[in-house]
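Here's the structure, in structure tokens; my notes come after.
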Amino acid sequence: MPIEQVNILGVRVHSLTMAEAVEQVETYIDEKKVALIATANAEMLMRTTEDSELKDILNKADLVVPDGAGTVWAANHLGHAMPERVAGYDLAQELMKLAPGKNQKIYFFGSAPGVAEKAKAKAEELYPGINIAGLRNGFFTEADEPEIIADIKRVQPDILLVALGVPKQEKWLNKYLQELNVPVAIGVGGTLDVMAGVMERAPLWMQKAKLEWLFRGLKQPSRAGRLIALPKFVLKVMASKGK
Ligand code: UDP
């Protein structure tokens, strides 16, 4: 059965639970279907209103999960059920948990030099037997791209986690995913930073109180300006209702 999609500011976001998202991703891997997966939070959805390339990529992505309380709120406000938030970080953890039992290979691409190595060590501690078969930091020039592509092709991962930030990770994947021929690629933003302990995740109570966005804004002053995206998003969604 096709997964229901909800139109939020012109982007089709899938309405599904974490368990359903994991099942869908595993199906793509089993079928060796090349699939681009995006995790849409309010900031990303806001960005699509000024970046039509990003909007087009999301609308043709195979799966766009509702990453964040803002996305779930928007769907509900527009009159659609959205069972729960499927955060990119959590989705990546669920997939890594299953990977050893399924003999899957994972590739970490992105984040600052040294971070992916630390994230790999953390993954090996959390998920014994996991095969993080390739690593590449996310700072490169166009001239480095052939080598990066060749390495991913050589490793042939089942899952490629791309942490280059929004919208770089989505645009990079859109350009190269078919050529890479990797079943599943997911843009995961700061996931490797969190795993490496470079960036803290909000405490559980704050996540439950739907305040993760506030925590991130306060912890990283450089991001504080990005906090304004949230009220802007709320207003835009409200204005879009009934249109
Ligand atoms: N990053 C990267 N290459 C770049 C720019 C950023 O690898 O050219 C990494 C950065 O080190 C961080 C991640 O991309 O690990 C972006 O994380 P952020 O939390 O900003 O993600 P967003 O909220 O933009 O998805």
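By convention in this document, the chains of the structure tokens carry letters A, B, ... by their order, each chain's residues are numbered from 1, and ligands are numbered from 1 in the order they are shown.
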
If you count only C-alpha atoms, which residues fall within 10 Å of Gln178 in chain A, apart from same-chain ones fewer than 3 positions away, as a short mmCIF file (atom, residue, chain, number, x, y, z; two decimals) with N, CA, C and O atoms, in the first residue's frame?
```
data_model
loop_
_atom_site.label_atom_id
_atom_site.label_comp_id
_atom_site.auth_asym_id
_atom_site.auth_seq_id
_atom_site.Cartn_x
_atom_site.Cartn_y
_atom_site.Cartn_z
N VAL A 34 17.59 1.90 -5.76
CA VAL A 34 18.32 3.12 -5.43
C VAL A 34 17.31 4.15 -4.91
O VAL A 34 16.42 4.58 -5.65
N ALA A 35 17.42 4.49 -3.64
CA ALA A 35 16.41 5.36 -3.03
C ALA A 35 17.06 6.52 -2.27
O ALA A 35 17.98 6.32 -1.49
N LEU A 36 16.54 7.70 -2.54
CA LEU A 36 17.02 8.89 -1.82
C LEU A 36 16.02 9.18 -0.69
O LEU A 36 14.82 9.30 -0.93
N LEU A 173 23.50 14.21 -3.38
CA LEU A 173 22.92 12.88 -3.63
C LEU A 173 22.09 12.86 -4.91
O LEU A 173 22.13 11.90 -5.67
N ASN A 174 21.36 13.93 -5.13
CA ASN A 174 20.53 13.99 -6.32
C ASN A 174 21.41 13.90 -7.57
O ASN A 174 21.06 13.24 -8.57
N LYS A 175 22.58 14.52 -7.50
CA LYS A 175 23.49 14.53 -8.64
C LYS A 175 24.14 13.16 -8.87
O LYS A 175 24.31 12.73 -10.00
N ASN A 181 24.90 3.96 -7.43
CA ASN A 181 24.19 2.70 -7.41
C ASN A 181 24.12 2.06 -6.01
O ASN A 181 24.24 0.85 -5.86
N VAL A 182 23.96 2.93 -5.01
CA VAL A 182 23.82 2.47 -3.63
C VAL A 182 22.32 2.35 -3.37
O VAL A 182 21.57 3.25 -3.75
N PRO A 183 21.87 1.27 -2.73
CA PRO A 183 20.42 1.16 -2.52
C PRO A 183 19.84 2.35 -1.76
O PRO A 183 18.94 3.02 -2.23
#
```

DSSP on the backbone: what in range 100-185 of chain A comes out alpha helix (DSSP H), as a ChimeraX atom specification? /A:115-126,145-155,168-180

Can you tell me which residues surround range 210-227 of chain A at a distance of at most 12 Å, considering only C-alpha atoms, apart from same-chain residues fewer than 2 positions away, and format the answer as a PDB file with C-alpha atoms, in the first residue's frame?
```pdb
ATOM      1  CA  ASN A  41      12.327  19.425   9.599  1.00  0.00           C
ATOM      2  CA  ALA A  42      10.758  22.887   9.703  1.00  0.00           C
ATOM      3  CA  GLU A  43      14.003  24.547   8.718  1.00  0.00           C
ATOM      4  CA  MET A  44      14.375  22.388   5.632  1.00  0.00           C
ATOM      5  CA  MET A  46      11.201  26.708   5.039  1.00  0.00           C
ATOM      6  CA  ARG A  47      14.295  26.592   2.899  1.00  0.00           C
ATOM      7  CA  ASP A  67      11.926  14.961  11.153  1.00  0.00           C
ATOM      8  CA  GLY A  68      10.865  17.250  13.943  1.00  0.00           C
ATOM      9  CA  ALA A  69       7.949  18.440  15.975  1.00  0.00           C
ATOM     10  CA  GLY A  70       7.391  21.363  13.583  1.00  0.00           C
ATOM     11  CA  THR A  71       6.699  19.050  10.642  1.00  0.00           C
ATOM     12  CA  VAL A  72       4.268  16.916  12.644  1.00  0.00           C
ATOM     13  CA  TRP A  73       2.518  20.047  13.940  1.00  0.00           C
ATOM     14  CA  GLU A  84       4.970  10.599  15.013  1.00  0.00           C
ATOM     15  CA  ARG A  85       8.202  12.316  14.303  1.00  0.00           C
ATOM     16  CA  ALA A  87      14.132  12.068  13.331  1.00  0.00           C
ATOM     17  CA  GLY A 190      24.422  16.519  12.270  1.00  0.00           C
ATOM     18  CA  VAL A 194      26.173  13.736  17.685  1.00  0.00           C
ATOM     19  CA  VAL A 198      31.143  16.698  18.993  1.00  0.00           C
ATOM     20  CA  MET A 199      27.593  17.936  19.269  1.00  0.00           C
ATOM     21  CA  GLU A 200      25.197  17.167  22.079  1.00  0.00           C
ATOM     22  CA  ARG A 201      21.672  16.024  21.485  1.00  0.00           C
ATOM     23  CA  ALA A 202      18.905  17.619  23.521  1.00  0.00           C
ATOM     24  CA  PRO A 203      18.038  15.736  26.745  1.00  0.00           C
ATOM     25  CA  LEU A 204      15.106  13.356  26.431  1.00  0.00           C
ATOM     26  CA  TRP A 205      12.764  15.616  28.399  1.00  0.00           C
ATOM     27  CA  MET A 206      13.422  18.421  25.941  1.00  0.00           C
ATOM     28  CA  GLN A 207      12.868  16.097  22.978  1.00  0.00           C
ATOM     29  CA  LYS A 208       9.591  14.977  24.551  1.00  0.00           C
ATOM     30  CA  ALA A 229      12.935  29.858  10.730  1.00  0.00           C
ATOM     31  CA  LEU A 230      10.522  28.162  13.141  1.00  0.00           C
ATOM     32  CA  PRO A 231       8.066  31.035  13.824  1.00  0.00           C
ATOM     33  CA  LYS A 232       8.296  31.922  10.126  1.00  0.00           C
ATOM     34  CA  PHE A 233       7.406  28.328   9.287  1.00  0.00           C
ATOM     35  CA  VAL A 234       4.414  28.375  11.653  1.00  0.00           C
TER      36      VAL A 234
END
```

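Proximity to Asp158 in chain A at 9 Å, evaluated using only C-alpha atoms and with sequence-adjacent residues fewer than 2 positions away removed, yields Ile29, Lys32, Gln104, Lys105, Ile106, Tyr107, Gln156, Leu160, Val182, Pro183, Val184 and Ala185 of chain A.
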
Please produce a file of the residues just selected, as a PDB file, in the first residue's frame, where the atoms kept are N, CA, C and O atoms.
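Written file, selection_0.pdb:
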```
ATOM      1  N   ILE A  29      16.460  -1.769   0.456  1.00  0.00           N
ATOM      2  CA  ILE A  29      17.764  -2.457   0.472  1.00  0.00           C
ATOM      3  C   ILE A  29      17.610  -3.864  -0.107  1.00  0.00           C
ATOM      4  O   ILE A  29      18.389  -4.287  -0.959  1.00  0.00           O
ATOM      5  N   LYS A  32      17.255  -3.799  -3.695  1.00  0.00           N
ATOM      6  CA  LYS A  32      18.361  -3.056  -4.311  1.00  0.00           C
ATOM      7  C   LYS A  32      17.853  -1.871  -5.115  1.00  0.00           C
ATOM      8  O   LYS A  32      18.353  -1.555  -6.198  1.00  0.00           O
ATOM      9  N   GLN A 104      24.723  -6.050   6.518  1.00  0.00           N
ATOM     10  CA  GLN A 104      24.743  -4.871   5.645  1.00  0.00           C
ATOM     11  C   GLN A 104      26.005  -4.039   5.889  1.00  0.00           C
ATOM     12  O   GLN A 104      26.511  -3.976   7.001  1.00  0.00           O
ATOM     13  N   LYS A 105      26.435  -3.385   4.804  1.00  0.00           N
ATOM     14  CA  LYS A 105      27.589  -2.484   4.909  1.00  0.00           C
ATOM     15  C   LYS A 105      27.102  -1.036   4.935  1.00  0.00           C
ATOM     16  O   LYS A 105      26.172  -0.673   4.215  1.00  0.00           O
ATOM     17  N   ILE A 106      27.764  -0.241   5.746  1.00  0.00           N
ATOM     18  CA  ILE A 106      27.369   1.171   5.869  1.00  0.00           C
ATOM     19  C   ILE A 106      28.574   2.057   5.558  1.00  0.00           C
ATOM     20  O   ILE A 106      29.724   1.694   5.871  1.00  0.00           O
ATOM     21  N   TYR A 107      28.283   3.196   4.930  1.00  0.00           N
ATOM     22  CA  TYR A 107      29.330   4.165   4.605  1.00  0.00           C
ATOM     23  C   TYR A 107      28.948   5.493   5.248  1.00  0.00           C
ATOM     24  O   TYR A 107      27.804   5.936   5.134  1.00  0.00           O
ATOM     25  N   GLN A 156      30.688  -0.386  -2.116  1.00  0.00           N
ATOM     26  CA  GLN A 156      29.325  -0.900  -2.361  1.00  0.00           C
ATOM     27  C   GLN A 156      28.505  -1.036  -1.071  1.00  0.00           C
ATOM     28  O   GLN A 156      28.066  -2.148  -0.716  1.00  0.00           O
ATOM     29  N   LEU A 160      24.137   4.457   2.680  1.00  0.00           N
ATOM     30  CA  LEU A 160      25.083   5.580   2.656  1.00  0.00           C
ATOM     31  C   LEU A 160      24.489   6.709   3.494  1.00  0.00           C
ATOM     32  O   LEU A 160      23.417   7.225   3.166  1.00  0.00           O
ATOM     33  N   VAL A 182      23.963   2.927  -5.012  1.00  0.00           N
ATOM     34  CA  VAL A 182      23.823   2.471  -3.627  1.00  0.00           C
ATOM     35  C   VAL A 182      22.320   2.345  -3.368  1.00  0.00           C
ATOM     36  O   VAL A 182      21.566   3.247  -3.753  1.00  0.00           O
ATOM     37  N   PRO A 183      21.868   1.267  -2.733  1.00  0.00           N
ATOM     38  CA  PRO A 183      20.422   1.159  -2.520  1.00  0.00           C
ATOM     39  C   PRO A 183      19.841   2.348  -1.757  1.00  0.00           C
ATOM     40  O   PRO A 183      18.936   3.017  -2.231  1.00  0.00           O
ATOM     41  N   VAL A 184      20.389   2.613  -0.591  1.00  0.00           N
ATOM     42  CA  VAL A 184      19.729   3.614   0.244  1.00  0.00           C
ATOM     43  C   VAL A 184      20.706   4.692   0.686  1.00  0.00           C
ATOM     44  O   VAL A 184      21.746   4.397   1.281  1.00  0.00           O
ATOM     45  N   ALA A 185      20.368   5.934   0.380  1.00  0.00           N
ATOM     46  CA  ALA A 185      21.189   7.057   0.833  1.00  0.00           C
ATOM     47  C   ALA A 185      20.305   8.021   1.602  1.00  0.00           C
ATOM     48  O   ALA A 185      19.205   8.359   1.165  1.00  0.00           O
TER      49      ALA A 185
END
```

Env. residues ligand 1 / 10 Å / only C-alpha atoms and all ligand atoms / as a PyMOL selection string: chain A and resi 39-41+43-44+88+109-113+115-116+136-141+162-170+187-194+196+198-199+213+216+220+222-223+226

Let's see if you can do this: from backbone DSSP, list all strand (DSSP E or B) residues in range 5-137 of chain A, as a PyMOL selection string. chain A and resi 5-8+11-14+35-40+63-66+105-110+131-136

Kindly assemble as a tab-separated table a list of the range 123-180 of chain A residues that lie within 12 Å of range 97-100 of chain A, each paired with its nearest atom pair and their distance in Å to one decimal, using only C-alpha atoms, sorted first by chain and then by ascending residue number.
```
residue	atom	partner	partner_atom	distance
A:Ala123	CA	A:Lys97	CA	9.0
A:Glu124	CA	A:Pro100	CA	10.1
A:Glu125	CA	A:Lys97	CA	11.2
A:Leu126	CA	A:Lys97	CA	8.1
A:Tyr127	CA	A:Lys97	CA	5.7
A:Pro128	CA	A:Pro100	CA	7.4
A:Gly129	CA	A:Pro100	CA	5.4
A:Ile130	CA	A:Pro100	CA	4.8
A:Asn131	CA	A:Pro100	CA	6.9
A:Ile132	CA	A:Ala99	CA	9.8
A:Ala133	CA	A:Ala99	CA	11.9
A:Pro157	CA	A:Ala99	CA	11.1
A:Asp158	CA	A:Ala99	CA	9.2
A:Ile159	CA	A:Ala99	CA	9.2
```

Polymer residues at most 10 Å from Met82 in chain A, only C-alpha atoms, same-chain spacing of 5 or more positions, as a ChimeraX atom specification: /A:4-6,13-17,66,71-76

Include N, CA and C atoms and write out the residues we just selected as a compact mmCIF listing (two decimals), in the first residue's frame.
```txt
# COMPACT_ATOMS: atom_id res chain seq x y z
N GLU A 4 0.86 7.28 2.75
CA GLU A 4 0.17 8.56 2.58
C GLU A 4 1.16 9.73 2.63
N GLN A 5 0.90 10.72 1.80
CA GLN A 5 1.78 11.89 1.80
C GLN A 5 0.99 13.13 2.15
N VAL A 6 1.62 14.03 2.86
CA VAL A 6 0.96 15.27 3.26
C VAL A 6 1.72 16.43 2.62
N VAL A 13 5.42 15.22 2.23
CA VAL A 13 6.09 14.55 3.35
C VAL A 13 5.31 13.27 3.65
N HIS A 14 6.02 12.17 3.83
CA HIS A 14 5.34 10.90 4.11
C HIS A 14 4.84 10.86 5.55
N SER A 15 3.65 10.31 5.70
CA SER A 15 3.05 10.20 7.01
C SER A 15 3.22 8.76 7.48
N LEU A 16 4.17 8.55 8.37
CA LEU A 16 4.44 7.17 8.79
C LEU A 16 5.14 7.14 10.14
N THR A 17 5.12 5.97 10.76
CA THR A 17 5.79 5.82 12.06
C THR A 17 7.25 5.43 11.83
N PRO A 66 9.08 12.78 8.40
CA PRO A 66 8.81 13.99 9.20
C PRO A 66 9.79 14.11 10.37
N THR A 71 7.29 19.72 11.81
CA THR A 71 6.70 19.05 10.64
C THR A 71 5.41 18.32 11.03
N VAL A 72 5.46 17.64 12.17
CA VAL A 72 4.27 16.92 12.64
C VAL A 72 3.15 17.92 12.96
N TRP A 73 3.52 19.01 13.63
CA TRP A 73 2.52 20.05 13.94
C TRP A 73 1.87 20.56 12.64
N ALA A 74 2.70 20.85 11.63
CA ALA A 74 2.18 21.41 10.38
C ALA A 74 1.17 20.46 9.74
N ALA A 75 1.51 19.18 9.70
CA ALA A 75 0.59 18.20 9.10
C ALA A 75 -0.73 18.19 9.86
N ASN A 76 -0.63 18.14 11.17
CA ASN A 76 -1.85 18.12 12.00
C ASN A 76 -2.66 19.39 11.79
```

For Ala19 in chain A, the nearest of the candidates A:Ala121, A:Val86, A:Met238, A:Ser52, counting only C-alpha atoms: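 Closest to Ala19 in chain A of all the choices is A:Val86.
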